>>> print(open('input_23.json').read())   # JSON, C-alpha atoms
[["chain", "number", "residue", "atom", "x", "y", "z"],
["A", 1, "MET", "CA", -14.74, 46.75, 13.85],
["A", 2, "TYR", "CA", -16.20, 44.12, 11.61],
["A", 3, "LEU", "CA", -15.29, 40.86, 9.88],
["A", 4, "VAL", "CA", -16.74, 39.28, 6.74],
["A", 5, "LEU", "CA", -16.28, 35.64, 5.73],
["A", 6, "VAL", "CA", -17.66, 34.46, 2.39],
["A", 7, "LEU", "CA", -18.10, 30.82, 1.39],
["A", 8, "ASP", "CA", -18.81, 30.25, -2.29],
["A", 9, "ILE", "CA", -21.27, 27.65, -3.56],
["A", 10, "SER", "CA", -18.57, 24.96, -3.79],
["A", 11, "ARG", "CA", -18.23, 25.06, 0.00],
["A", 12, "THR", "CA", -21.93, 24.89, 0.91],
["A", 13, "ALA", "CA", -24.99, 22.66, 0.61],
["A", 14, "GLY", "CA", -27.77, 24.09, -1.49],
["A", 15, "THR", "CA", -27.90, 26.53, -4.37],
["A", 16, "GLY", "CA", -25.66, 29.36, -3.25],
["A", 17, "GLY", "CA", -22.92, 30.50, -0.95],
["A", 18, "LEU", "CA", -23.01, 32.07, 2.49],
["A", 19, "ARG", "CA", -21.67, 35.30, 3.92],
["A", 20, "PHE", "CA", -20.93, 35.50, 7.65],
["A", 21, "ASN", "CA", -20.60, 38.96, 9.22],
["A", 22, "TRP", "CA", -19.32, 39.90, 12.64],
["A", 23, "LYS", "CA", -19.72, 43.39, 14.10],
["A", 24, "GLU", "CA", -18.39, 44.34, 17.51],
["A", 25, "ASP", "CA", -21.72, 45.80, 18.63],
["A", 26, "THR", "CA", -24.12, 43.17, 17.22],
["A", 27, "GLY", "CA", -22.19, 39.91, 16.92],
["A", 28, "TRP", "CA", -22.61, 37.27, 14.20],
["A", 29, "ALA", "CA", -25.09, 37.28, 11.32],
["A", 30, "TYR", "CA", -25.35, 35.57, 7.94],
["A", 31, "ALA", "CA", -26.83, 35.99, 4.47],
["A", 32, "ARG", "CA", -27.41, 33.43, 1.75],
["A", 33, "LEU", "CA", -25.72, 34.31, -1.52],
["A", 34, "GLY", "CA", -27.12, 33.73, -4.98],
["A", 35, "VAL", "CA", -25.15, 33.26, -8.16],
["A", 36, "GLY", "CA", -22.97, 36.27, -7.31],
["A", 37, "PRO", "CA", -22.07, 37.83, -3.95],
["A", 38, "SER", "CA", -24.12, 40.92, -4.80],
["A", 39, "ILE", "CA", -27.29, 38.78, -4.95],
["A", 40, "ALA", "CA", -28.05, 37.99, -1.33],
["A", 41, "THR", "CA", -30.89, 37.52, 1.10],
["A", 42, "PRO", "CA", -31.19, 40.10, 3.85],
["A", 43, "THR", "CA", -28.69, 39.54, 6.65],
["A", 44, "GLN", "CA", -30.09, 37.45, 9.50],
["A", 45, "PRO", "CA", -28.66, 37.34, 13.02],
["A", 46, "LEU", "CA", -27.26, 33.97, 14.08],
["A", 47, "ALA", "CA", -29.72, 33.73, 16.96],
["A", 48, "SER", "CA", -28.15, 30.58, 18.38],
["A", 49, "LEU", "CA", -24.98, 32.61, 19.12],
["A", 50, "HIS", "CA", -26.26, 34.74, 22.01],
["A", 51, "ARG", "CA", -23.07, 36.69, 22.62],
["A", 52, "VAL", "CA", -21.22, 39.29, 20.60],
["A", 53, "LEU", "CA", -18.01, 37.35, 21.26],
["A", 54, "PRO", "CA", -18.99, 33.68, 21.55],
["A", 55, "ALA", "CA", -16.39, 30.95, 21.87],
["A", 56, "PRO", "CA", -14.70, 30.30, 18.49],
["A", 57, "ALA", "CA", -15.64, 26.61, 18.68],
["A", 58, "ASP", "CA", -19.30, 27.62, 18.99],
["A", 59, "VAL", "CA", -19.00, 29.92, 15.95],
["A", 60, "ALA", "CA", -17.42, 27.06, 14.00],
["A", 61, "ASP", "CA", -20.15, 24.61, 15.06],
["A", 62, "VAL", "CA", -22.96, 26.96, 14.03],
["A", 63, "ALA", "CA", -21.26, 27.83, 10.73],
["A", 64, "GLU", "CA", -20.58, 24.16, 9.93],
["A", 65, "HIS", "CA", -24.21, 23.24, 10.61],
["A", 66, "LEU", "CA", -25.45, 26.07, 8.39],
["A", 67, "VAL", "CA", -22.97, 25.23, 5.62],
["A", 68, "ARG", "CA", -23.75, 21.50, 5.64],
["A", 69, "SER", "CA", -27.52, 21.58, 6.15],
["A", 70, "GLY", "CA", -28.56, 25.02, 4.92],
["A", 71, "ARG", "CA", -30.33, 25.62, 8.26],
["A", 72, "THR", "CA", -29.27, 27.28, 11.47],
["A", 73, "PRO", "CA", -28.94, 24.87, 14.40],
["A", 74, "THR", "CA", -31.70, 24.66, 16.96],
["A", 75, "GLY", "CA", -29.30, 24.47, 19.90],
["A", 76, "GLU", "CA", -28.14, 27.44, 21.91],
["A", 77, "TYR", "CA", -24.55, 28.58, 22.15],
["A", 78, "GLY", "CA", -24.69, 31.14, 24.93],
["A", 79, "ALA", "CA", -21.18, 31.07, 26.37],
["A", 80, "GLU", "CA", -18.97, 34.09, 25.92],
["A", 81, "TRP", "CA", -15.40, 33.39, 24.83],
["A", 82, "ASP", "CA", -12.95, 33.40, 27.74],
["A", 83, "ARG", "CA", -10.73, 35.80, 25.71],
["A", 84, "ALA", "CA", -13.57, 38.27, 24.99],
["A", 85, "ALA", "CA", -12.25, 40.89, 27.43],
["A", 86, "HIS", "CA", -8.82, 40.72, 25.77],
["A", 87, "VAL", "CA", -10.38, 41.19, 22.31],
["A", 88, "ARG", "CA", -12.38, 44.22, 23.50],
["A", 89, "ALA", "CA", -9.27, 45.75, 25.12],
["A", 90, "THR", "CA", -7.28, 45.20, 21.91],
["A", 91, "ILE", "CA", -9.99, 46.88, 19.82],
["A", 92, "ASP", "CA", -10.04, 49.82, 22.24],
["A", 93, "ARG", "CA", -6.23, 50.18, 22.10],
["A", 94, "PHE", "CA", -6.26, 50.01, 18.30],
["A", 95, "ARG", "CA", -9.04, 52.59, 18.06],
["A", 96, "ALA", "CA", -7.21, 54.91, 20.50],
["A", 97, "THR", "CA", -4.03, 54.64, 18.41],
["A", 98, "VAL", "CA", -5.58, 55.33, 15.02],
["A", 99, "THR", "CA", -8.04, 58.02, 16.10],
["A", 100, "LYS", "CA", -5.62, 60.25, 18.02],
["A", 101, "PRO", "CA", -4.42, 63.42, 16.27],
["A", 102, "GLY", "CA", -2.07, 62.39, 13.49],
["A", 103, "GLY", "CA", -3.41, 58.81, 13.62],
["A", 104, "LEU", "CA", -4.43, 56.73, 10.62],
["A", 105, "TRP", "CA", -8.19, 57.10, 10.92],
["A", 106, "THR", "CA", -10.37, 59.80, 12.40],
["A", 107, "GLY", "CA", -13.81, 58.69, 11.17],
["A", 108, "ALA", "CA", -16.73, 57.36, 13.16],
["A", 109, "ARG", "CA", -17.25, 53.64, 13.35]]
>>> encode(input="input_23.json", output="structure tokens")
Amino acid sequence: MYLVLVLDISRTAGTGGLRFNWKEDTGWAYARLGVGPSIATPTQPLASLHRVLPAPADVADVAEHLVRSGRTPTGEYGAEWDRAAHVRATIDRFRATVTKPGGLWTGAR
């Protein structure tokens, strides 16, 4: 599973937009975007978010800091979200449903 959030230049400080990525096995990362979304810096992990499933408020704080200042925060956001186990169980149930014979998807993740 993965999630991509893109903020265009009108939403950020600096000269380009930002792309935030979340992957269930690696957690949050970001890339700075140039004039177009295809022109981007290499994806960097959001090191201040130490968990794959950090608390949503922590994700928002880190993203807001990066959007407003153009820099990642120096603080650490190490708490795992109290609903992380529920999210993992939901992903597992979804994957079991769509990968079973006759399901919607049978590819590897």
>>> residues_near_point(input="input_23.json", point="(-11.5, 43.9, 21.7)", cutoff="12 Å", atoms="all atoms listed in the file", output="mmCIF file with C-alpha atoms, keeping the file's coordinate frame")
data_model
loop_
_atom_site.group_PDB
_atom_site.id
_atom_site.type_symbol
_atom_site.label_atom_id
_atom_site.label_comp_id
_atom_site.auth_asym_id
_atom_site.auth_seq_id
_atom_site.Cartn_x
_atom_site.Cartn_y
_atom_site.Cartn_z
ATOM 1 C CA MET A 1 -14.740 46.750 13.850
ATOM 2 C CA TYR A 2 -16.200 44.120 11.610
ATOM 3 C CA LYS A 23 -19.720 43.390 14.100
ATOM 4 C CA GLU A 24 -18.390 44.340 17.510
ATOM 5 C CA ASP A 25 -21.720 45.800 18.630
ATOM 6 C CA VAL A 52 -21.220 39.290 20.600
ATOM 7 C CA LEU A 53 -18.010 37.350 21.260
ATOM 8 C CA TRP A 81 -15.400 33.390 24.830
ATOM 9 C CA ARG A 83 -10.730 35.800 25.710
ATOM 10 C CA ALA A 84 -13.570 38.270 24.990
ATOM 11 C CA ALA A 85 -12.250 40.890 27.430
ATOM 12 C CA HIS A 86 -8.820 40.720 25.770
ATOM 13 C CA VAL A 87 -10.380 41.190 22.310
ATOM 14 C CA ARG A 88 -12.380 44.220 23.500
ATOM 15 C CA ALA A 89 -9.270 45.750 25.120
ATOM 16 C CA THR A 90 -7.280 45.200 21.910
ATOM 17 C CA ILE A 91 -9.990 46.880 19.820
ATOM 18 C CA ASP A 92 -10.040 49.820 22.240
ATOM 19 C CA ARG A 93 -6.230 50.180 22.100
ATOM 20 C CA PHE A 94 -6.260 50.010 18.300
ATOM 21 C CA ARG A 95 -9.040 52.590 18.060
ATOM 22 C CA ALA A 96 -7.210 54.910 20.500
#
>>> closest_residue(input="input_23.json", among="A:Val98, A:Leu46, A:Leu5, A:Val59", to="Asn21 in chain A", atoms="only C-alpha atoms")
A:Leu5
>>> closest_residue(input="input_23.json", among="A:Thr97, A:Asp61, A:Pro54, A:Ala40", to="Asp82 in chain A", atoms="only C-alpha atoms")
A:Pro54
>>> atom_distance(input="input_23.json", atom1="CA of Thr72 in chain A", atom2="CA of Val4 in chain A")
18.0 Å
>>> atom_distance(input="input_23.json", atom1="CA of Thr26 in chain A", atom2="CA of Arg11 in chain A")
25.7 Å
>>> residues_near_point(input="input_23.json", point="(-18.5, 32.8, 0.5)", cutoff="7 Å", atoms="all atoms listed in the file", output="list in words")
Leu5, Val6, Leu7, Asp8, Gly17, Leu18 and Arg19 of chain A
>>> atom_distance(input="input_23.json", atom1="CA of Val62 in chain A", atom2="CA of Leu49 in chain A")
7.9 Å
>>> closest_residue(input="input_23.json", among="A:Ala47, A:Gly27, A:Phe20, A:Thr12", to="Gly70 in chain A", atoms="only C-alpha atoms")
A:Thr12
>>> axis_aligned_box(input="input_23.json", around="range 72-90 of chain A", padding_each_side="6 Å", output="lines of an AutoDock Vina configuration file")
center_x = -19.5
center_y = 35.1
center_z = 19.6
size_x = 36.4
size_y = 33.3
size_z = 28.3
>>> build_atoms(input="input_23.json", residues="range 14-25 of chain A", atoms="all heavy atoms", output="compact mmCIF listing (two decimals), in the frame of the given file")
# COMPACT_ATOMS: atom_id res chain seq x y z
N GLY A 14 -26.72 23.23 -0.97
CA GLY A 14 -27.77 24.09 -1.49
C GLY A 14 -27.37 24.78 -2.79
O GLY A 14 -26.47 24.34 -3.49
N THR A 15 -28.04 25.89 -3.06
CA THR A 15 -27.90 26.53 -4.37
C THR A 15 -27.07 27.79 -4.37
O THR A 15 -26.98 28.46 -5.38
CB THR A 15 -29.30 26.88 -4.92
OG1 THR A 15 -29.94 27.75 -3.98
CG2 THR A 15 -30.13 25.63 -5.12
N GLY A 16 -26.47 28.14 -3.28
CA GLY A 16 -25.66 29.36 -3.25
C GLY A 16 -24.68 29.33 -2.11
O GLY A 16 -24.62 28.39 -1.33
N GLY A 17 -23.91 30.39 -2.01
CA GLY A 17 -22.92 30.50 -0.95
C GLY A 17 -23.51 31.14 0.29
O GLY A 17 -24.71 31.39 0.39
N LEU A 18 -22.62 31.43 1.24
CA LEU A 18 -23.01 32.07 2.49
C LEU A 18 -22.02 33.18 2.82
O LEU A 18 -20.83 33.06 2.53
CB LEU A 18 -23.02 31.07 3.65
CG LEU A 18 -24.11 30.02 3.64
CD1 LEU A 18 -23.78 28.93 4.64
CD2 LEU A 18 -25.45 30.65 3.96
N ARG A 19 -22.52 34.23 3.42
CA ARG A 19 -21.67 35.30 3.92
C ARG A 19 -21.92 35.42 5.42
O ARG A 19 -23.06 35.57 5.85
CB ARG A 19 -21.98 36.62 3.22
CG ARG A 19 -21.09 37.76 3.71
CD ARG A 19 -21.34 39.07 2.95
NE ARG A 19 -22.74 39.45 3.06
CZ ARG A 19 -23.49 39.83 2.02
NH1 ARG A 19 -22.98 39.90 0.82
NH2 ARG A 19 -24.75 40.16 2.20
N PHE A 20 -20.85 35.33 6.21
CA PHE A 20 -20.93 35.50 7.65
C PHE A 20 -20.34 36.87 7.99
O PHE A 20 -19.27 37.22 7.51
CB PHE A 20 -20.13 34.42 8.38
CG PHE A 20 -20.69 33.04 8.20
CD1 PHE A 20 -20.19 32.21 7.22
CD2 PHE A 20 -21.73 32.59 8.99
CE1 PHE A 20 -20.71 30.94 7.04
CE2 PHE A 20 -22.25 31.33 8.81
CZ PHE A 20 -21.75 30.50 7.83
N ASN A 21 -21.05 37.63 8.79
CA ASN A 21 -20.60 38.96 9.22
C ASN A 21 -20.47 38.98 10.73
O ASN A 21 -21.30 38.41 11.42
CB ASN A 21 -21.64 40.05 8.86
CG ASN A 21 -21.98 40.08 7.40
OD1 ASN A 21 -21.11 39.96 6.55
ND2 ASN A 21 -23.24 40.24 7.10
N TRP A 22 -19.45 39.65 11.21
CA TRP A 22 -19.32 39.90 12.64
C TRP A 22 -19.11 41.39 12.84
O TRP A 22 -18.28 42.00 12.17
CB TRP A 22 -18.15 39.15 13.26
CG TRP A 22 -17.96 39.47 14.71
CD1 TRP A 22 -18.63 38.93 15.76
CD2 TRP A 22 -17.07 40.45 15.27
NE1 TRP A 22 -18.21 39.50 16.94
CE2 TRP A 22 -17.25 40.44 16.66
CE3 TRP A 22 -16.15 41.34 14.72
CZ2 TRP A 22 -16.54 41.28 17.52
CZ3 TRP A 22 -15.45 42.18 15.57
CH2 TRP A 22 -15.64 42.13 16.95
N LYS A 23 -19.89 41.99 13.73
CA LYS A 23 -19.72 43.39 14.10
C LYS A 23 -19.57 43.44 15.61
O LYS A 23 -20.26 42.72 16.34
CB LYS A 23 -20.91 44.24 13.67
CG LYS A 23 -21.03 44.34 12.17
CD LYS A 23 -22.20 45.23 11.79
CE LYS A 23 -22.34 45.31 10.29
NZ LYS A 23 -23.50 46.11 9.90
N GLU A 24 -18.70 44.32 16.08
CA GLU A 24 -18.39 44.34 17.51
C GLU A 24 -19.58 44.72 18.36
O GLU A 24 -19.62 44.40 19.55
CB GLU A 24 -17.21 45.25 17.80
CG GLU A 24 -17.49 46.72 17.60
CD GLU A 24 -16.31 47.58 17.97
OE1 GLU A 24 -15.99 47.67 19.17
OE2 GLU A 24 -15.73 48.17 17.06
N ASP A 25 -20.57 45.40 17.81
CA ASP A 25 -21.72 45.80 18.63
C ASP A 25 -22.92 44.88 18.47
O ASP A 25 -23.81 44.89 19.31
CB ASP A 25 -22.12 47.25 18.33
CG ASP A 25 -22.40 47.49 16.86
OD1 ASP A 25 -21.98 46.69 16.02
OD2 ASP A 25 -23.04 48.51 16.55
